[in-house]
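Peer 1: Handing you this structure, nothing more for now.
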Amino acid sequence: MNRRVVVTGIGMVTPVGLDTETSWEGLIAGRSGIGPITQFDDKEIPTQIAGEVKGFEAAKYIEPKEIKKMDRFIHLAIAASQLAMDSARLPITPENAERVGVIAGAGIGGLPAIERSYRAYMEKGYRRITPFFIPMSIINEMAGHISMRFGAKGPNVSVVTACATGTHSIGDAYKIIQRGDADAMFAGGAESCVCPLGVGGFNAMKALSTRNSEPARASRPFDAERDGFVMGEGAGIVVLEELESARKRGATILAEVIGYGLSGDAYHITSPAPNGEGAARCMNMAIKDAGISPGEVGYINAHGTSTKYGDELETMAIKTVFGDHARKVPVSSTKSMTGHLLGAAGGVEAVISILALVHGILPPTINLENPDPECDLDYIPNTARKTSVEIAMSNSFGFGGTNATLIFRKYRS
C-alpha cells in the first residue's frame, strides 16, 4: 500500500517578498513584483524589466566566506530551504539522516557565473577564472548545499526540466517517500538568470514582454494585450514527510500531496502541442493518481505565462480535462505578479497552492483587463477571492514539451 505524503514545511523568496509570509501577503493584495532591471545595464536589449528579488541579503542565510562559492540561484535556494526548515522544524539526526533527502533543481542555473567567468577569461586569461566557477554554476550543487546545510544524507537529485523543474522535483520527491525510499524530502526549485545572456536570449526568441514603460502591468496572463512573459527570479522549497512520521513527531501538517502527473508533448522545442493535448494528458494522469474526479478540484494555479499560445493552449487543455466543470473551477496565474520564475516557478506555485488551501483565499490574476476571447475561464481577475477549497492543482509546462502537474488536498486525519 502506498504511504501518504504530507507537507510540513514551506519556504519561498520571490519578487513580491523576501520570505513566505511577505510574498503571500503581496500576492493576495495583488501586488506586482515587476520593475526596471537593476542587475545589469544594457539599453540595447529590448526588454528592460524583470521580476527581481530586491533587497535580498545572502549573508542572512550564508556565512560570508561561503557566499562567493555559489551563484545567486543557490543563495536563493538556501534561503527558501531555511524558511521551509524553520516552518517544518524537522529534526535531522544521525539516526534518521539517511531517510531525509533533497530533490531541487533549476532550469538554467548559474548563467550569471558563466558570463562573469567567460568575461574574466577573455580579458585576462584562464588564471583569472575563480576555482569556484564550476561548483557555483552547476545545478546539482543546489541540492548538494541544501543537504550539507541540514545533514540530509538520503536521495539527492537535481531535476532540470526548464519551467517544469520545481513541479517535477516535488512530484518525484513525493513518489520517493510514497514508495518507502525516504521518510522526508526537501523539494523545489530556484532560478536567477536576470543577466544579459538570459534576458538577451529570451529576447532573441521574441518571448519577452517589452512593456518597459509599465512594468507592473507587463505580465498579463490571459489578457488580449499580453506581449510575452516577464522573466523573474526566486526560489520555492517544500518539506514533504511520510504521514505517520510527521504525526509521530507532532508536526504541523499544512496539506497532503495526493497526485502527480508528467508527460511529454513530442512536438516542438518551444511550442506546446496542438490543443494542449500534452498538458491535458498530464493533468489527467495527476487526477488518476490522486484517485479523484475532475469535479473535485477546487482551484488551479495555472502555468499561465502571459504568452499568446501558452495561455490559449492551457485553457484548451483545462476544458478537455474538466469538461463542464472547467467554467466553474477558479483558475489564476500568479505569474501576473511574480513574473515567470523559470525553474523556480513550480516550487513557488506549489507553496502558493498550499497556502490557498490553508487560508481559504485564492490569489488573483492581475492585469486581466481585456480578456482574450480564446481564454474564457474564471481566472480570478485582479482581486483575490475568499473561498474555502479542498483540492488544488498546480501546473507547470516547459520548453521541449515537458509537462508536470501536482495535486494537493487539505489535510484530513
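By convention in this document, the chains of the C-alpha cells carry letters A, B, ... by their order, each chain's residues are numbered from 1, and ligands are numbered from 1 in the order they are shown.
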Would you please give, as a ChimeraX atom specification, all residues of region 146-375 of chain A that DSSP assigns to alpha helix (DSSP H) based on the backbone?
Peer 2: /A:146-150,165-178,196-204,243-248,277-290,308-322,335-338,345-359
Peer 1: If we count only C-alpha atoms, what is near Ser245 (chain A) at a cut-off of 10 Å, once residues fewer than 2 positions away on the same chain are taken out, given as an MDAnalysis selection string?
Peer 2: chainID A and resid 5:6 183:184 241:243 247:251
Peer 1: Just write the chosen residues, C-alpha atoms, as a PDB file, in the first residue's frame.
Peer 2:
ATOM      1  CA  VAL A   5       2.754  12.097   1.984  1.00  0.00           C
ATOM      2  CA  VAL A   6       2.145  15.462   3.639  1.00  0.00           C
ATOM      3  CA  ASP A 183      10.697   9.457   5.075  1.00  0.00           C
ATOM      4  CA  ALA A 184      11.215  13.169   4.380  1.00  0.00           C
ATOM      5  CA  GLU A 241       7.085  13.845   5.033  1.00  0.00           C
ATOM      6  CA  GLU A 242       5.506  10.453   5.344  1.00  0.00           C
ATOM      7  CA  LEU A 243       2.283  10.966   7.281  1.00  0.00           C
ATOM      8  CA  ARG A 247       2.256  12.655  13.163  1.00  0.00           C
ATOM      9  CA  LYS A 248       4.666  10.880  15.488  1.00  0.00           C
ATOM     10  CA  ARG A 249       6.820  13.970  15.930  1.00  0.00           C
ATOM     11  CA  GLY A 250       3.808  16.277  16.300  1.00  0.00           C
ATOM     12  CA  ALA A 251       4.473  18.243  13.115  1.00  0.00           C
TER      13      ALA A 251
END
Peer 1: Please list as a list in words every residue within 9 Å of Phe73 (chain A), counting only C-alpha atoms and excluding residues in the same chain fewer than 6 positions away.
Peer 2: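 Those residues are Ala106, Gly109, Gly110, Ser137, Ile139, Met142, Ala190, Glu191, Ser192, Cys193, Glu233, Gly234 and Ala235 of chain A.
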Peer 1: Pick the closest to Gly295 (chain A) from A:Ile28, A:Leu111, A:Ala344, A:Ala326: which is it, counting only C-alpha atoms?
Peer 2: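 Looking only at the distances to Gly295 (chain A), the closest residue turns out to be A:Ala326.
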Peer 1: For region 278-314 of chain A versus region 390-399 of chain A, which residues have an atom no more than 10 Å away, and what is each residue's nearest atom pair and distance in Å rounded to one decimal, using only C-alpha atoms, chain-then-number order, as JSON lines?
Peer 2:
{"residue": "A:Gly278", "atom": "CA", "partner": "A:Phe397", "partner_atom": "CA", "distance": 9.4}
{"residue": "A:Ala279", "atom": "CA", "partner": "A:Phe397", "partner_atom": "CA", "distance": 7.4}
{"residue": "A:Cys282", "atom": "CA", "partner": "A:Asn395", "partner_atom": "CA", "distance": 8.9}
{"residue": "A:Met283", "atom": "CA", "partner": "A:Asn395", "partner_atom": "CA", "distance": 7.9}
{"residue": "A:Ala286", "atom": "CA", "partner": "A:Met393", "partner_atom": "CA", "distance": 8.9}
{"residue": "A:Ile287", "atom": "CA", "partner": "A:Met393", "partner_atom": "CA", "distance": 9.1}
{"residue": "A:Ile292", "atom": "CA", "partner": "A:Ile391", "partner_atom": "CA", "distance": 9.7}
{"residue": "A:Glu296", "atom": "CA", "partner": "A:Ile391", "partner_atom": "CA", "distance": 6.8}
{"residue": "A:Val297", "atom": "CA", "partner": "A:Ile391", "partner_atom": "CA", "distance": 5.1}
{"residue": "A:Gly298", "atom": "CA", "partner": "A:Ile391", "partner_atom": "CA", "distance": 5.4}
{"residue": "A:Tyr299", "atom": "CA", "partner": "A:Ala392", "partner_atom": "CA", "distance": 4.8}
{"residue": "A:Ile300", "atom": "CA", "partner": "A:Met393", "partner_atom": "CA", "distance": 4.7}
{"residue": "A:Asn301", "atom": "CA", "partner": "A:Ser394", "partner_atom": "CA", "distance": 4.7}
{"residue": "A:Ala302", "atom": "CA", "partner": "A:Asn395", "partner_atom": "CA", "distance": 5.4}
{"residue": "A:His303", "atom": "CA", "partner": "A:Ser396", "partner_atom": "CA", "distance": 5.0}
{"residue": "A:Gly304", "atom": "CA", "partner": "A:Ser396", "partner_atom": "CA", "distance": 8.7}
{"residue": "A:Thr305", "atom": "CA", "partner": "A:Phe397", "partner_atom": "CA", "distance": 9.6}
{"residue": "A:Gly310", "atom": "CA", "partner": "A:Phe397", "partner_atom": "CA", "distance": 9.0}
{"residue": "A:Glu314", "atom": "CA", "partner": "A:Asn395", "partner_atom": "CA", "distance": 9.2}
Peer 1: Which residue, A:Thr338, A:Ser169, A:Ser219, A:Ser388, has the smallest gap to Lys308 (chain A) when you use only C-alpha atoms?
Peer 2: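 When distances to Lys308 (chain A) are compared using only C-alpha atoms, the smallest one comes from A:Ser219.
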Peer 1: Would you mind reading off the distance between CA of Asn403 (chain A) and CA of Asn275 (chain A), one decimal, in Å?
Peer 2: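 Taking CA of Asn403 (chain A) as the start and CA of Asn275 (chain A) as the end point, the length is 14.1 Å.
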Peer 1: Which of region 88-316 of chain A end up as strand (DSSP E or B) when DSSP is run on this backbone - answer as a ChimeraX atom specification?
Peer 2: /A:100-105,156-157,184-191,208,223,229,231-232,234-242,255-264,299-301
Peer 1: List the neighbours of Phe322 (chain A) out to 10 Å using only C-alpha atoms; skip same-chain residues closer than 2 positions along the sequence, and give me the result as a PyMOL selection string.
Peer 2: chain A and resi 280+283-284+293-297+317-320+324-329
Peer 1: Emit the selected residues as a PDB file, in the first residue's frame, including N, CA and C atoms.
Peer 2:
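Below you can see result_6.pdb, which holds the result:
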ATOM      1  N   ALA A 280      -3.028  18.274 -21.187  1.00  0.00           N
ATOM      2  CA  ALA A 280      -4.249  17.574 -20.781  1.00  0.00           C
ATOM      3  C   ALA A 280      -3.935  16.170 -20.275  1.00  0.00           C
ATOM      4  N   MET A 283      -2.454  16.502 -16.735  1.00  0.00           N
ATOM      5  CA  MET A 283      -3.466  16.765 -15.707  1.00  0.00           C
ATOM      6  C   MET A 283      -4.303  15.515 -15.430  1.00  0.00           C
ATOM      7  N   ASN A 284      -4.671  14.813 -16.502  1.00  0.00           N
ATOM      8  CA  ASN A 284      -5.455  13.579 -16.318  1.00  0.00           C
ATOM      9  C   ASN A 284      -4.678  12.536 -15.520  1.00  0.00           C
ATOM     10  N   SER A 293     -12.152  12.712  -8.946  1.00  0.00           N
ATOM     11  CA  SER A 293     -12.768  13.093 -10.213  1.00  0.00           C
ATOM     12  C   SER A 293     -12.392  14.534 -10.522  1.00  0.00           C
ATOM     13  N   PRO A 294     -12.398  14.942 -11.792  1.00  0.00           N
ATOM     14  CA  PRO A 294     -12.059  16.327 -12.119  1.00  0.00           C
ATOM     15  C   PRO A 294     -12.914  17.346 -11.369  1.00  0.00           C
ATOM     16  N   GLY A 295     -14.156  17.011 -11.143  1.00  0.00           N
ATOM     17  CA  GLY A 295     -15.067  17.936 -10.474  1.00  0.00           C
ATOM     18  C   GLY A 295     -14.718  18.231  -9.030  1.00  0.00           C
ATOM     19  N   GLU A 296     -13.813  17.454  -8.452  1.00  0.00           N
ATOM     20  CA  GLU A 296     -13.415  17.689  -7.061  1.00  0.00           C
ATOM     21  C   GLU A 296     -12.323  18.745  -6.937  1.00  0.00           C
ATOM     22  N   VAL A 297     -11.669  19.105  -8.034  1.00  0.00           N
ATOM     23  CA  VAL A 297     -10.621  20.133  -7.992  1.00  0.00           C
ATOM     24  C   VAL A 297     -11.280  21.499  -7.795  1.00  0.00           C
ATOM     25  N   ALA A 317      -6.590  22.875 -22.760  1.00  0.00           N
ATOM     26  CA  ALA A 317      -6.300  21.647 -22.018  1.00  0.00           C
ATOM     27  C   ALA A 317      -7.214  21.517 -20.800  1.00  0.00           C
ATOM     28  N   ILE A 318      -7.421  22.622 -20.093  1.00  0.00           N
ATOM     29  CA  ILE A 318      -8.312  22.594 -18.926  1.00  0.00           C
ATOM     30  C   ILE A 318      -9.728  22.222 -19.354  1.00  0.00           C
ATOM     31  N   LYS A 319     -10.185  22.762 -20.471  1.00  0.00           N
ATOM     32  CA  LYS A 319     -11.514  22.416 -20.973  1.00  0.00           C
ATOM     33  C   LYS A 319     -11.606  20.938 -21.332  1.00  0.00           C
ATOM     34  N   THR A 320     -10.545  20.411 -21.920  1.00  0.00           N
ATOM     35  CA  THR A 320     -10.524  18.994 -22.289  1.00  0.00           C
ATOM     36  C   THR A 320     -10.637  18.108 -21.052  1.00  0.00           C
ATOM     37  N   ASP A 324     -17.523  20.303 -18.393  1.00  0.00           N
ATOM     38  CA  ASP A 324     -18.408  21.358 -17.905  1.00  0.00           C
ATOM     39  C   ASP A 324     -17.865  22.034 -16.651  1.00  0.00           C
ATOM     40  N   HIS A 325     -17.085  21.311 -15.880  1.00  0.00           N
ATOM     41  CA  HIS A 325     -16.538  21.866 -14.637  1.00  0.00           C
ATOM     42  C   HIS A 325     -15.490  22.942 -14.918  1.00  0.00           C
ATOM     43  N   ALA A 326     -14.955  22.975 -16.141  1.00  0.00           N
ATOM     44  CA  ALA A 326     -13.899  23.936 -16.481  1.00  0.00           C
ATOM     45  C   ALA A 326     -14.344  25.375 -16.240  1.00  0.00           C
ATOM     46  N   ARG A 327     -15.603  25.662 -16.482  1.00  0.00           N
ATOM     47  CA  ARG A 327     -16.086  27.035 -16.308  1.00  0.00           C
ATOM     48  C   ARG A 327     -16.468  27.336 -14.861  1.00  0.00           C
ATOM     49  N   LYS A 328     -16.431  26.324 -14.016  1.00  0.00           N
ATOM     50  CA  LYS A 328     -16.784  26.515 -12.608  1.00  0.00           C
ATOM     51  C   LYS A 328     -15.562  26.585 -11.697  1.00  0.00           C
ATOM     52  N   VAL A 329     -14.469  25.949 -12.114  1.00  0.00           N
ATOM     53  CA  VAL A 329     -13.285  25.904 -11.241  1.00  0.00           C
ATOM     54  C   VAL A 329     -12.478  27.193 -11.372  1.00  0.00           C
TER      55      VAL A 329
END
Peer 1: Measuring atom to atom with only C-alpha atoms, identify which of A:Gly259, A:Gly201, A:Pro221, A:Pro274 is nearest to Pro46 (chain A).
Peer 2: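 Closest candidate: A:Gly201.
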Peer 1: Quick check, in Å to one decimal: how far apart do CA of Asn96 (chain A) and CA of Glu141 (chain A) lie?
Peer 2: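 Separation between CA of Asn96 (chain A) and CA of Glu141 (chain A): 22.4 Å.
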Peer 1: Which residue is closest to Phe186 (chain A)? Choose from A:Ser147, A:Thr210, A:Thr270, A:Gln48 and count only C-alpha atoms.
Peer 2: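 So, comparing all the options, the nearest one is A:Ser147.
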Peer 1: Would you mind telling me which residue in A:Ile34, A:Ala79, A:Ile170, A:Leu342 lies nearest to Arg220 (chain A) when using only C-alpha atoms?
Peer 2: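 Of the candidates, the smallest distance to Arg220 (chain A) is held by A:Ile34.
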